[in-house]
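Trainee: Below you'll find protein_29.cif; it's mmCIF, C-alpha atoms and all ligand atoms.
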data_input
#
loop_
_atom_site.label_atom_id
_atom_site.label_comp_id
_atom_site.auth_asym_id
_atom_site.auth_seq_id
_atom_site.Cartn_x
_atom_site.Cartn_y
_atom_site.Cartn_z
CA MET E 101 0.00 0.00 0.00
CA ARG E 102 1.34 3.42 -0.94
CA SER E 103 1.75 5.74 1.99
CA ALA E 104 -0.83 8.23 0.66
CA ARG E 105 -3.44 5.46 0.62
CA LEU E 106 -2.37 4.43 4.11
CA TRP E 107 -2.85 7.97 5.43
CA ALA E 108 -6.28 8.20 3.82
CA ARG E 109 -7.30 4.97 5.56
CA LEU E 110 -5.76 5.97 8.87
CA LEU E 111 -7.84 9.15 8.96
CA GLY E 112 -10.96 7.68 7.42
CA VAL E 113 -10.84 10.08 4.46
CA GLU E 114 -10.86 7.57 1.64
CA ASP E 115 -12.67 9.83 -0.81
CA ALA E 116 -9.76 12.25 -0.68
CA VAL E 117 -6.44 12.45 -2.44
CA ILE E 118 -3.65 12.89 0.09
CA GLN E 119 -1.07 15.41 -1.09
CA ARG E 120 1.35 15.86 1.79
CA VAL E 121 1.81 14.93 5.45
CA TRP E 122 3.87 16.87 7.99
CA PHE E 123 4.28 17.54 11.67
CA ASP E 124 3.14 21.01 12.78
CA GLU E 125 5.41 21.94 15.69
CA GLN E 126 3.22 24.76 16.90
CA ALA E 127 -0.02 22.75 16.95
CA GLU E 128 1.87 19.60 18.03
CA ALA E 129 -0.18 17.74 15.51
CA VAL E 130 0.02 15.71 12.33
CA VAL E 131 -1.37 17.69 9.41
CA VAL E 132 -2.53 15.94 6.25
CA ALA E 133 -3.09 18.09 3.17
CA ALA E 134 -5.86 16.68 1.02
CA ARG E 135 -8.32 17.43 -1.76
CA PRO E 136 -11.59 15.76 -2.69
CA ARG E 137 -11.43 13.30 -5.60
CA LYS E 138 -12.30 14.88 -8.97
CA HIS E 139 -15.93 13.72 -9.12
CA LEU E 140 -16.54 15.10 -5.59
CA GLN E 141 -15.19 18.57 -6.28
CA GLY E 142 -17.32 21.69 -6.82
CA ARG E 143 -20.43 20.39 -5.12
CA CYS E 144 -22.86 22.37 -2.97
CA GLY E 145 -22.12 21.85 0.73
CA ARG E 146 -25.81 21.57 1.52
CA CYS E 147 -27.34 19.50 -1.26
CA GLY E 148 -24.32 17.91 -2.94
CA ARG E 149 -25.35 19.15 -6.38
CA ARG E 150 -22.54 19.93 -8.82
CA CYS E 151 -22.31 23.71 -9.19
CA ARG E 152 -20.28 26.46 -10.80
CA GLY E 153 -17.37 27.77 -8.76
CA PHE E 154 -17.73 31.16 -7.08
CA ASP E 155 -14.45 32.08 -5.38
CA ARG E 156 -11.65 30.68 -3.21
CA GLY E 157 -13.58 31.38 0.00
CA GLU E 158 -11.34 31.97 3.00
CA GLY E 159 -8.44 29.94 1.70
CA ARG E 160 -6.98 26.91 3.49
CA ARG E 161 -8.95 25.33 6.33
CA ARG E 162 -8.31 22.62 8.90
CA TRP E 163 -10.63 19.92 10.18
CA ARG E 164 -9.83 18.09 13.40
CA ALA E 165 -9.47 14.36 12.72
CA LEU E 166 -9.17 11.38 15.07
CA ASP E 167 -5.80 11.15 16.79
CA VAL E 168 -3.05 9.23 15.05
CA GLY E 169 -1.47 7.24 17.84
CA LEU E 170 -0.59 9.77 20.49
CA LEU E 171 -0.83 12.83 18.28
CA LYS E 172 -3.69 15.11 17.38
CA ALA E 173 -4.36 15.20 13.66
CA PHE E 174 -5.87 17.63 11.17
CA VAL E 175 -6.94 17.44 7.56
CA GLU E 176 -6.04 20.62 5.69
CA ALA E 177 -7.57 21.66 2.38
CA ASP E 178 -8.85 24.53 0.26
CA ALA E 179 -12.40 25.61 1.05
CA PRO E 180 -13.64 27.26 -2.15
CA ARG E 181 -17.20 28.50 -2.54
CA VAL E 182 -19.68 27.51 -5.22
CA ARG E 183 -22.96 29.04 -6.40
CA CYS E 184 -25.85 26.61 -5.97
CA PRO E 185 -29.05 27.42 -7.87
CA GLU E 186 -31.00 26.49 -4.77
CA HIS E 187 -28.75 27.47 -1.86
CA GLY E 188 -26.86 30.47 -3.25
CA VAL E 189 -23.18 30.97 -2.49
CA VAL E 190 -21.99 28.22 -0.15
CA VAL E 191 -18.72 26.57 0.83
CA ALA E 192 -18.16 23.52 -1.36
CA ALA E 193 -18.73 20.08 0.13
CA VAL E 194 -15.78 17.99 1.31
CA PRO E 195 -16.22 14.21 1.53
CA TRP E 196 -14.53 13.92 4.93
CA ALA E 197 -16.71 16.31 6.94
CA ARG E 198 -20.30 17.42 7.42
CA HIS E 199 -21.21 20.84 6.05
CA GLY E 200 -20.15 23.64 8.38
CA ALA E 201 -18.33 21.25 10.72
CA GLY E 202 -14.83 21.81 12.06
CA HIS E 203 -14.27 18.06 12.61
CA THR E 204 -14.10 15.12 10.25
CA ARG E 205 -17.05 12.79 9.92
CA THR E 206 -15.19 9.98 11.73
CA PHE E 207 -14.32 12.34 14.56
CA ASP E 208 -17.99 13.41 14.76
CA ASP E 209 -19.28 9.83 14.78
CA THR E 210 -16.76 8.69 17.39
CA THR E 211 -17.72 11.66 19.60
CA ALA E 212 -21.43 10.90 19.24
CA TRP E 213 -20.87 7.22 20.04
CA LEU E 214 -18.81 8.07 23.11
CA ALA E 215 -21.32 10.67 24.32
CA ALA E 216 -24.02 8.01 24.14
CA HIS E 217 -21.93 5.34 25.89
CA ALA E 218 -19.40 6.91 28.24
CA SER E 219 -19.25 9.47 31.01
CA LYS E 220 -18.91 13.16 30.31
CA GLN E 221 -15.48 13.19 31.93
CA ALA E 222 -14.28 10.24 29.82
CA VAL E 223 -15.46 11.82 26.57
CA ARG E 224 -13.81 15.14 27.28
CA GLU E 225 -10.48 13.66 28.35
CA MET E 226 -10.33 11.08 25.62
CA LEU E 227 -11.10 13.49 22.77
CA ARG E 228 -9.39 16.57 24.26
CA THR E 229 -12.51 18.57 23.47
CA ALA E 230 -14.69 21.07 25.34
CA TRP E 231 -18.08 19.77 26.43
CA ALA E 232 -19.93 22.52 24.52
CA THR E 233 -18.20 21.29 21.34
CA VAL E 234 -19.32 17.75 22.08
CA GLY E 235 -22.87 19.15 22.30
CA GLN E 236 -22.62 20.74 18.85
CA ILE E 237 -21.26 17.52 17.37
CA VAL E 238 -24.00 15.43 18.98
CA ALA E 239 -26.66 17.78 17.57
CA ARG E 240 -25.34 17.59 14.01
CA VAL E 241 -24.78 13.82 14.03
CA ALA E 242 -28.33 13.29 15.30
CA ALA E 243 -29.77 15.72 12.71
CA ASP E 244 -27.88 13.84 9.99
CA ALA E 245 -29.14 10.44 11.20
CA GLU E 246 -32.69 11.77 11.39
CA ALA E 247 -32.52 13.06 7.83
CA ALA E 248 -31.15 9.72 6.61
CA CYS E 249 -34.06 7.59 7.82
CA ASP E 250 -37.81 7.91 8.16
CA ARG E 251 -38.51 7.66 11.88
CA PHE E 252 -42.18 8.26 11.29
CA GLU E 253 -42.63 5.24 9.07
CA GLY E 254 -45.33 2.91 10.35
CA LEU E 255 -46.29 4.94 13.42
CA ARG E 256 -49.59 3.65 14.82
CA ARG E 257 -49.56 4.17 18.58
CA ILE E 258 -47.72 7.13 20.05
CA GLY E 259 -47.33 8.71 23.46
CA ILE E 260 -46.88 12.44 24.04
CA ASP E 261 -45.19 13.68 27.16
CA GLU E 262 -43.24 16.61 28.52
CA ILE E 263 -40.05 16.78 30.52
CA SER E 264 -38.64 19.76 32.35
CA TYR E 265 -35.00 20.11 31.37
CA LYS E 266 -33.90 23.28 33.07
CA LYS E 267 -34.85 25.31 36.06
CA GLY E 268 -37.27 28.10 35.23
CA HIS E 269 -39.84 25.93 33.52
CA ARG E 270 -38.16 24.97 30.31
CA TYR E 271 -39.80 21.95 28.82
CA LEU E 272 -39.17 19.43 26.10
CA MET E 273 -42.10 17.81 24.41
CA VAL E 274 -41.34 14.19 23.55
CA VAL E 275 -43.14 11.70 21.34
CA VAL E 276 -42.55 7.98 21.83
CA ASP E 277 -43.58 5.04 19.68
CA HIS E 278 -45.42 2.53 21.87
CA ASP E 279 -44.64 -0.28 19.41
CA SER E 280 -40.94 0.18 18.67
CA ARG E 281 -40.48 1.50 22.23
CA ARG E 282 -38.39 4.40 20.98
CA LEU E 283 -38.27 8.13 21.19
CA VAL E 284 -39.29 9.44 17.76
CA TRP E 285 -39.31 13.19 18.22
CA ALA E 286 -38.54 15.92 20.74
CA ALA E 287 -38.67 19.72 20.70
CA PRO E 288 -38.49 22.56 23.20
CA GLY E 289 -41.87 23.80 24.44
CA ARG E 290 -45.12 22.46 25.79
CA ASP E 291 -48.00 24.09 24.08
CA GLN E 292 -50.36 23.61 21.18
CA ALA E 293 -47.97 25.22 18.69
CA THR E 294 -45.19 22.75 19.56
CA LEU E 295 -47.50 19.76 19.24
CA ARG E 296 -48.91 21.08 15.96
CA GLY E 297 -45.31 21.34 14.77
CA PHE E 298 -44.95 17.59 15.25
CA PHE E 299 -48.17 16.78 13.38
CA ASP E 300 -47.09 19.14 10.57
CA LEU E 301 -43.89 17.13 10.18
CA LEU E 302 -45.86 13.91 10.25
CA GLY E 303 -48.19 15.16 7.53
CA PRO E 304 -51.95 14.52 7.19
CA GLU E 305 -51.58 11.10 5.59
CA ARG E 306 -49.56 9.62 8.43
CA CYS E 307 -51.68 11.45 11.02
CA ASP E 308 -54.68 9.57 9.64
CA LYS E 309 -52.90 6.27 10.21
CA LEU E 310 -52.44 6.92 13.93
CA ARG E 311 -54.72 4.62 15.85
CA LEU E 312 -53.91 5.67 19.38
CA VAL E 313 -52.39 8.70 21.04
CA SER E 314 -51.62 8.65 24.74
CA ALA E 315 -50.91 11.79 26.74
CA ASP E 316 -51.31 13.27 30.17
CA ALA E 317 -54.64 14.85 31.08
CA ALA E 318 -53.82 18.28 29.63
CA GLU E 319 -56.80 19.74 27.76
CA TRP E 320 -54.69 21.48 25.15
CA ALA E 321 -53.11 18.23 24.00
CA ALA E 322 -56.55 16.65 23.66
CA THR E 323 -57.71 19.57 21.53
CA VAL E 324 -54.79 19.29 19.09
CA VAL E 325 -55.04 15.49 18.86
CA ALA E 326 -58.78 15.70 18.13
CA GLU E 327 -58.12 18.28 15.43
CA ARG E 328 -55.25 16.49 13.68
CA CYS E 329 -55.66 12.73 14.22
CA ARG E 330 -59.21 11.98 13.25
CA ALA E 331 -58.88 8.20 13.42
CA ALA E 332 -57.00 8.03 16.72
CA ARG E 333 -58.32 7.16 20.12
CA LEU E 334 -57.00 9.48 22.79
CA CYS E 335 -55.99 7.74 25.97
CA LEU E 336 -54.46 8.71 29.24
CA ASP E 337 -50.93 7.57 29.90
CA PRO E 338 -50.99 5.07 32.80
CA PHE E 339 -47.71 6.57 34.00
CA HIS E 340 -49.49 9.83 34.84
CA VAL E 341 -52.41 8.12 36.58
CA VAL E 342 -50.03 6.16 38.82
CA LYS E 343 -48.15 9.37 39.51
CA TRP E 344 -51.36 11.06 40.67
CA ALA E 345 -51.81 8.22 43.16
CA SER E 346 -48.22 8.61 44.38
CA ASP E 347 -48.83 12.33 44.86
CA ALA E 348 -52.03 11.64 46.81
CA LEU E 349 -50.18 9.16 49.03
CA ASP E 350 -47.46 11.71 49.66
CA GLU E 351 -50.09 14.22 50.72
CA VAL E 352 -51.45 11.76 53.30
CA ARG E 353 -47.94 11.07 54.58
CA ARG E 354 -47.22 14.78 54.94
CA GLN E 355 -50.43 15.19 56.93
CA ALA E 356 -49.38 12.40 59.32
CA TRP E 357 -46.00 14.09 59.72
CA ASN E 358 -47.58 17.48 60.40
CA THR E 359 -50.00 16.04 62.95
CA ALA E 360 -47.17 14.31 64.83
CA ARG E 361 -45.19 17.54 64.82
CA GLN E 362 -48.08 19.59 66.13
CA GLN E 363 -48.52 17.08 68.94
CA GLY E 364 -44.86 17.58 69.82
CA ASP E 365 -43.90 14.00 69.00
CA THR E 366 -40.71 14.77 67.07
CA ALA E 367 -39.51 11.16 67.00
CA LEU E 368 -42.73 10.02 65.37
CA ALA E 369 -42.65 12.98 62.97
CA ARG E 370 -39.15 11.99 61.89
CA GLU E 371 -40.28 8.44 61.20
CA PHE E 372 -43.08 9.70 58.91
CA LYS E 373 -40.70 12.05 57.19
CA GLY E 374 -38.40 9.14 56.49
CA ALA E 375 -41.23 7.07 55.02
CA ARG E 376 -41.25 8.94 51.73
CA PHE E 377 -40.00 5.88 49.86
CA ALA E 378 -43.44 4.30 50.32
CA SER E 379 -45.00 6.78 47.93
CA TRP E 380 -42.66 6.23 45.01
CA LYS E 381 -40.97 2.86 45.40
CA ASN E 382 -42.58 -0.25 44.03
CA PRO E 383 -42.99 -2.95 46.69
CA GLU E 384 -40.72 -5.34 44.77
CA ASP E 385 -37.93 -2.74 45.03
CA LEU E 386 -38.16 -2.17 48.77
CA THR E 387 -35.17 -2.99 50.94
CA GLY E 388 -35.57 -5.09 54.09
CA ARG E 389 -35.44 -1.99 56.24
CA GLN E 390 -38.06 -0.23 54.16
CA ARG E 391 -40.32 -3.27 54.39
CA GLY E 392 -39.96 -3.13 58.16
CA LYS E 393 -40.96 0.51 58.08
CA LEU E 394 -44.04 -0.29 56.02
CA ALA E 395 -45.09 -2.88 58.64
CA TRP E 396 -44.55 -0.18 61.27
CA ILE E 397 -46.81 2.23 59.35
CA ALA E 398 -49.51 -0.47 59.25
CA ARG E 399 -49.38 -0.64 63.07
CA VAL E 400 -49.22 3.04 64.02
CA ASN E 401 -51.19 4.77 61.27
CA ALA E 402 -53.93 2.69 59.67
CA ARG E 403 -55.00 5.58 57.50
CA LEU E 404 -51.56 6.10 55.90
CA TYR E 405 -51.29 2.36 55.36
CA ARG E 406 -54.70 2.28 53.66
CA ALA E 407 -53.54 5.11 51.41
CA TYR E 408 -50.49 3.01 50.54
CA LEU E 409 -52.68 0.01 49.66
CA LEU E 410 -54.91 2.21 47.51
CA LYS E 411 -51.94 3.46 45.54
CA GLU E 412 -50.55 -0.05 45.12
CA GLU E 413 -53.84 -1.45 43.93
CA LEU E 414 -54.16 1.29 41.34
CA ARG E 415 -50.69 0.41 40.11
CA LEU E 416 -51.80 -3.19 39.85
CA VAL E 417 -54.72 -2.14 37.62
CA PHE E 418 -52.20 -1.00 35.00
CA LYS E 419 -50.21 -4.19 35.25
CA LEU E 420 -53.25 -6.20 34.23
CA LYS E 421 -54.73 -6.03 30.78
CA GLY E 422 -58.13 -5.91 29.13
CA VAL E 423 -61.37 -6.75 30.93
CA LYS E 424 -59.67 -7.87 34.15
CA ALA E 425 -58.09 -4.45 34.45
CA THR E 426 -61.31 -2.53 33.81
CA VAL E 427 -63.16 -4.65 36.41
CA LEU E 428 -60.42 -4.00 38.97
CA LEU E 429 -60.50 -0.29 38.14
CA GLU E 430 -64.24 -0.16 38.91
CA ALA E 431 -63.65 -1.96 42.22
CA TRP E 432 -60.84 0.46 43.00
CA LEU E 433 -63.08 3.47 42.30
CA ALA E 434 -65.78 2.10 44.64
CA TRP E 435 -63.17 1.59 47.37
CA ALA E 436 -61.50 4.97 46.91
CA ARG E 437 -64.81 6.89 46.90
CA ARG E 438 -65.69 5.69 50.39
CA CYS E 439 -62.18 5.48 51.89
CA ARG E 440 -62.66 8.78 53.81
CA ILE E 441 -59.16 9.94 52.90
CA PRO E 442 -59.78 13.29 51.15
CA ALA E 443 -56.75 13.04 48.83
CA PHE E 444 -57.97 9.68 47.48
CA VAL E 445 -61.66 10.65 47.35
CA LYS E 446 -60.54 13.54 45.15
CA LEU E 447 -58.34 11.21 43.08
CA ALA E 448 -61.34 8.90 42.58
CA SER E 449 -63.34 11.74 41.11
CA THR E 450 -60.47 12.83 38.85
CA ILE E 451 -60.10 9.27 37.61
CA SER E 452 -63.87 8.98 37.06
CA ALA E 453 -63.72 12.13 34.96
CA HIS E 454 -61.01 10.59 32.76
CA ARG E 455 -62.54 7.14 32.68
CA ALA E 456 -62.87 6.93 28.90
CA GLY E 457 -59.21 7.75 28.36
CA ILE E 458 -58.10 5.27 31.02
CA HIS E 459 -60.29 2.49 29.62
CA ALA E 460 -58.73 3.09 26.21
CA ALA E 461 -55.27 2.66 27.74
CA LEU E 462 -56.32 -0.51 29.55
CA THR E 463 -57.93 -2.20 26.55
CA GLU E 464 -54.98 -1.20 24.35
CA GLY E 465 -52.68 -2.86 26.86
CA LEU E 466 -50.52 0.23 27.34
CA SER E 467 -48.35 -0.27 30.37
CA ASN E 468 -46.92 2.60 32.33
CA GLY E 469 -43.43 1.29 31.70
CA LEU E 470 -42.50 2.80 28.35
CA VAL E 471 -43.27 6.47 28.76
CA GLU E 472 -41.96 6.35 32.30
CA SER E 473 -38.66 4.79 31.30
CA VAL E 474 -38.11 7.19 28.39
CA ASN E 475 -38.98 9.98 30.77
CA THR E 476 -36.49 8.74 33.37
CA LYS E 477 -33.71 8.28 30.80
CA ILE E 478 -34.17 11.75 29.36
CA ARG E 479 -34.18 13.25 32.84
CA LEU E 480 -30.81 11.56 33.43
CA LEU E 481 -29.60 12.97 30.11
CA THR E 482 -30.58 16.49 31.14
CA ARG E 483 -27.96 16.21 33.85
CA ILE E 484 -25.30 14.98 31.43
CA ALA E 485 -26.30 17.62 28.90
CA PHE E 486 -25.80 20.37 31.46
CA GLY E 487 -23.18 22.59 29.83
CA PHE E 488 -24.44 22.03 26.31
CA ARG E 489 -25.46 25.46 25.12
CA SER E 490 -28.66 24.62 23.27
CA PRO E 491 -31.60 22.26 23.75
CA ASP E 492 -30.70 20.84 20.29
CA ALA E 493 -27.70 19.11 21.86
CA LEU E 494 -29.86 17.56 24.58
CA ILE E 495 -32.43 16.48 21.99
CA GLY E 496 -29.61 15.09 19.83
CA LEU E 497 -28.25 13.07 22.73
CA ALA E 498 -31.75 11.75 23.47
CA MET E 499 -32.26 10.77 19.83
CA LEU E 500 -28.90 8.95 19.81
CA THR E 501 -29.58 6.99 22.98
CA VAL E 502 -33.35 6.62 23.47
CA GLY E 503 -34.17 7.13 19.79
CA GLY E 504 -31.82 4.40 18.55
CA LEU E 505 -29.99 6.70 16.11
CA CYS E 506 -26.47 6.28 17.47
CA PRO E 507 -23.96 5.66 14.64
CA PRO E 508 -21.61 2.69 14.97
CA LEU E 509 -17.98 3.39 15.78
CA PRO E 510 -16.22 4.20 12.49
CA GLY E 511 -14.19 1.42 10.93
CA ARG E 512 -15.91 -1.43 12.77
ZN ZN E 601 -27.38 23.29 -2.89
#
Is it possible to express this structure as structure tokens?
Mentor:
Amino acid sequence: MRSARLWARLLGVEDAVIQRVWFDEQAEAVVVAARPRKHLQGRCGRCGRRCRGFDRGEGRRRWRALDVGLLKAFVEADAPRVRCPEHGVVVAAVPWARHGAGHTRTFDDTTAWLAAHASKQAVREMLRTAWATVGQIVARVAADAEAACDRFEGLRRIGIDEISYKKGHRYLMVVVDHDSRRLVWAAPGRDQATLRGFFDLLGPERCDKLRLVSADAAEWAATVVAERCRAARLCLDPFHVVKWASDALDEVRRQAWNTARQQGDTALAREFKGARFASWKNPEDLTGRQRGKLAWIARVNARLYRAYLLKEELRLVFKLKGVKATVLLEAWLAWARRCRIPAFVKLASTISAHRAGIHAALTEGLSNGLVESVNTKIRLLTRIAFGFRSPDALIGLAMLTVGGLCPPLPGR
């Protein structure tokens, strides 16, 4: 193999002709001068169409490439501009990098793969790159992967949810596919305009094919779904219903804590304060100590224990499917209505009001697992994405990991 070919393969720039390789003392890096092969020259950077040349642009440019052994590496080339009939004057495409990127495609893909698989610290150290730069790379790799495939193909049952990603009420709206169990779309915002934006992208034909849309109980979402998806049944996401029950249980626990405090029994108050786990942990996940505490609650506060049982039984409703589940739901409603715990009496009336939507979820066999797990994963990502400058980077990272769009490591 000639050494020019070897360098092209080393850097993953096989569509380029390597002209010269040298060591740049100042940058402490290997620099490889290259040019696109003849048939790839003079193409629009945005659409790839062959165009007439415009000017030399800003002269020579460098793109960061993957390290060669222990050294940083750059590809250096001319960056002339062309005039595209559609896109106007743009920098010509180069086969080794995405349009407008300062890194090679293999560097981009490796960064995206690492961001989806390794810790923030590991990615930064390994690639010798600022975290904000990683964010930009993640956003463009995800955008590229989204453009290359049709994520909306075959969508029948979707779930719509929102996740707060920053203090000060910044929200992402997310859409998951109940069948492929993947995130299919996300955008900043939580209002009718944002949701309409999704249905616009989907287009009327695919909107008509949607059979089921699950969401939380927000009226505005129901309005948009009714207006755009004429054939779809709207149902309530079980995840949200179970969360209402957890919130009601927490209210009862707080009352028990307050009462103990007012009676001056600080030891008892502390015990109730420490029993928070009961409202959000599933019984199968309880530790031995927490189970002991639950038994203690059953002895000292029958009311709080009843509230716990009510919440657990409601969770069970959504573990069952079909008729069995609807029968259990009716029994649950009868129990909750006369349980004399205000938080649960109120919950019973809320659930009654949304009965149709809940029945739809039960007969469709939607479990609360999917939306909840996507929700949890994205919330974890919001912590990793802290330091990315734009929500696009967070959305990109979510699409790579929860959306299944992560590129393979180059060269494998
Ligand atoms: Zn163009």
Trainee: Tell me, in Å to one decimal, how far CA of Asp308 in chain E is from CA of Val474 in chain E.
Mentor: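 Distance between the two atoms: 25.1 Å.
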Trainee: Using all atoms listed in the file, give me every residue within 9 Å of (-28.6, 10.2, 28.0) in file coordinates, as a VMD selection string.
Mentor: chain E and resid 215 to 217 477 to 485 494 497 to 502
Trainee: Distance CA of Arg143 in chain E-CA of Arg183 in chain E, one decimal place?
Mentor: 9.1 Å
Trainee: Pull the closest atom pair for each residue of chain E that gets at most 9 Å from ligand ZN 601 (chain E), along with the distance in Å to one decimal, counting only C-alpha atoms and all ligand atoms, ordering rows by chain and then ascending residue number, as a Markdown table.
Mentor:
| residue | atom | partner | partner_atom | distance |
| --- | --- | --- | --- | --- |
| E:Arg143 | CA | E:ZN601 | ZN | 7.9 |
| E:Cys144 | CA | E:ZN601 | ZN | 4.6 |
| E:Gly145 | CA | E:ZN601 | ZN | 6.5 |
| E:Arg146 | CA | E:ZN601 | ZN | 5.0 |
| E:Cys147 | CA | E:ZN601 | ZN | 4.1 |
| E:Gly148 | CA | E:ZN601 | ZN | 6.2 |
| E:Arg149 | CA | E:ZN601 | ZN | 5.8 |
| E:Arg150 | CA | E:ZN601 | ZN | 8.4 |
| E:Cys151 | CA | E:ZN601 | ZN | 8.1 |
| E:Arg183 | CA | E:ZN601 | ZN | 8.1 |
| E:Cys184 | CA | E:ZN601 | ZN | 4.8 |
| E:Pro185 | CA | E:ZN601 | ZN | 6.7 |
| E:Glu186 | CA | E:ZN601 | ZN | 5.2 |
| E:His187 | CA | E:ZN601 | ZN | 4.5 |
| E:Gly188 | CA | E:ZN601 | ZN | 7.2 |
| E:Val189 | CA | E:ZN601 | ZN | 8.8 |
| E:Val190 | CA | E:ZN601 | ZN | 7.8 |
Trainee: Could you tell me how far CA of Leu171 in chain E sits from CA of Glu225 in chain E, in Å to one decimal place?
Mentor: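 Interatomic distance here is 14.0 Å.
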Trainee: Please list as a ChimeraX atom specification every residue within 8 Å of range 293-296 of chain E, counting only C-alpha atoms and excluding residues in the same chain fewer than 6 positions away.
Mentor: /E:273,287,321,324
Trainee: Residues around (-48.2, 6.3, 44.1), cut-off 8 Å, counting only C-alpha atoms - what are they as a list in words?
Mentor: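 Final list of nearby residues, as requested, is Val342, Lys343, Trp344, Ala345, Ser346, Asp347, Ala348, Leu349, Asp350, Ser379, Trp380, Tyr408, Lys411, Glu412 and Arg415 of chain E.
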Trainee: Have a look at E:Ala201, E:Arg160, E:Glu351, E:Ala460 and name the one nearest to Lys446 in chain E; count only C-alpha atoms.
Mentor: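 Going through E:Ala201, E:Arg160, E:Glu351, E:Ala460 one by one, the smallest distance to Lys446 in chain E is for E:Glu351.
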Trainee: Please identify all polymer residues within 10 Å of Gly374 in chain E, counting all atoms listed in the file, omitting same-chain residues fewer than 6 positions from it, and present them as a PyMOL selection string.
Mentor: chain E and resi 353+357+368+390+393
Trainee: Next, the residues of the selection above should be written as a PDB file, in the coordinates of the input with C-alpha atoms.
Mentor:
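out-v9.pdb written:
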ATOM      1  CA  ARG E 353     -47.940  11.070  54.580  1.00  0.00           C
ATOM      2  CA  TRP E 357     -46.000  14.090  59.720  1.00  0.00           C
ATOM      3  CA  LEU E 368     -42.730  10.020  65.370  1.00  0.00           C
ATOM      4  CA  GLN E 390     -38.060  -0.230  54.160  1.00  0.00           C
ATOM      5  CA  LYS E 393     -40.960   0.510  58.080  1.00  0.00           C
TER       6      LYS E 393
END
Trainee: What's around Thr233 in chain E at 12 Å? Count all atoms listed in the file, leave out sequence neighbours fewer than 3 positions away in its own chain, and write the answer as a ChimeraX atom specification.
Mentor: /E:164,201-203,207-208,211-212,215,223-224,227-230,236-240,485,487-490,493
Trainee: With all atoms listed in the file as the counted atoms, please give the residues lying no more than 7 Å from Arg311 in chain E, apart from itself and same-chain residues fewer than 5 positions off, as a list in words.
Mentor: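 Result of the neighbour search: Arg256, Arg257, Ala331, Ala332 and Arg333 of chain E.
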Trainee: Those residues you just picked out, can you put them in a file as a PDB file, keeping the file's coordinate frame with C-alpha atoms?
Mentor:
ATOM      1  CA  ARG E 256     -49.590   3.650  14.820  1.00  0.00           C
ATOM      2  CA  ARG E 257     -49.560   4.170  18.580  1.00  0.00           C
ATOM      3  CA  ALA E 331     -58.880   8.200  13.420  1.00  0.00           C
ATOM      4  CA  ALA E 332     -57.000   8.030  16.720  1.00  0.00           C
ATOM      5  CA  ARG E 333     -58.320   7.160  20.120  1.00  0.00           C
TER       6      ARG E 333
END
Trainee: Give me, as a PDB file with C-alpha atoms, keeping the file's coordinate frame, all polymer residues having an atom no more than 12 Å from range 396-400 of chain E, counting only C-alpha atoms and skipping those fewer than 2 positions away in the same chain.
Mentor:
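So part-v8.pdb came out as:
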ATOM      1  CA  ARG E 353     -47.940  11.070  54.580  1.00  0.00           C
ATOM      2  CA  ALA E 356     -49.380  12.400  59.320  1.00  0.00           C
ATOM      3  CA  TRP E 357     -46.000  14.090  59.720  1.00  0.00           C
ATOM      4  CA  ALA E 360     -47.170  14.310  64.830  1.00  0.00           C
ATOM      5  CA  LEU E 368     -42.730  10.020  65.370  1.00  0.00           C
ATOM      6  CA  ALA E 369     -42.650  12.980  62.970  1.00  0.00           C
ATOM      7  CA  GLU E 371     -40.280   8.440  61.200  1.00  0.00           C
ATOM      8  CA  PHE E 372     -43.080   9.700  58.910  1.00  0.00           C
ATOM      9  CA  LYS E 373     -40.700  12.050  57.190  1.00  0.00           C
ATOM     10  CA  GLY E 374     -38.400   9.140  56.490  1.00  0.00           C
ATOM     11  CA  ALA E 375     -41.230   7.070  55.020  1.00  0.00           C
ATOM     12  CA  ARG E 376     -41.250   8.940  51.730  1.00  0.00           C
ATOM     13  CA  ALA E 378     -43.440   4.300  50.320  1.00  0.00           C
ATOM     14  CA  ARG E 389     -35.440  -1.990  56.240  1.00  0.00           C
ATOM     15  CA  GLN E 390     -38.060  -0.230  54.160  1.00  0.00           C
ATOM     16  CA  ARG E 391     -40.320  -3.270  54.390  1.00  0.00           C
ATOM     17  CA  GLY E 392     -39.960  -3.130  58.160  1.00  0.00           C
ATOM     18  CA  LYS E 393     -40.960   0.510  58.080  1.00  0.00           C
ATOM     19  CA  LEU E 394     -44.040  -0.290  56.020  1.00  0.00           C
ATOM     20  CA  ALA E 402     -53.930   2.690  59.670  1.00  0.00           C
ATOM     21  CA  ARG E 403     -55.000   5.580  57.500  1.00  0.00           C
ATOM     22  CA  LEU E 404     -51.560   6.100  55.900  1.00  0.00           C
ATOM     23  CA  TYR E 405     -51.290   2.360  55.360  1.00  0.00           C
ATOM     24  CA  ARG E 406     -54.700   2.280  53.660  1.00  0.00           C
ATOM     25  CA  ALA E 407     -53.540   5.110  51.410  1.00  0.00           C
ATOM     26  CA  TYR E 408     -50.490   3.010  50.540  1.00  0.00           C
ATOM     27  CA  LEU E 409     -52.680   0.010  49.660  1.00  0.00           C
TER      28      LEU E 409
END
Trainee: Which residue is closest to Glu413 in chain E? Choose from E:Ala431, E:Val445, E:Ala177, E:Ala286 and count all atoms listed in the file.
Mentor: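 Distance minimum relative to Glu413 in chain E lands on E:Ala431.
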Trainee: Which residue gives the smallest distance to Ile451 in chain E among E:Val191, E:Leu429, E:Ala322, E:Ala395, with all atoms listed in the file counted?
Mentor: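 Distance minimum relative to Ile451 in chain E lands on E:Leu429.
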Trainee: Find, counting all atoms listed in the file, the residue in E:Arg270, E:Phe154, E:Thr463, E:Val352 that gets nearest to Lys419 in chain E.
Mentor: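 Among E:Arg270, E:Phe154, E:Thr463, E:Val352, it is E:Thr463 that comes nearest to Lys419 in chain E.
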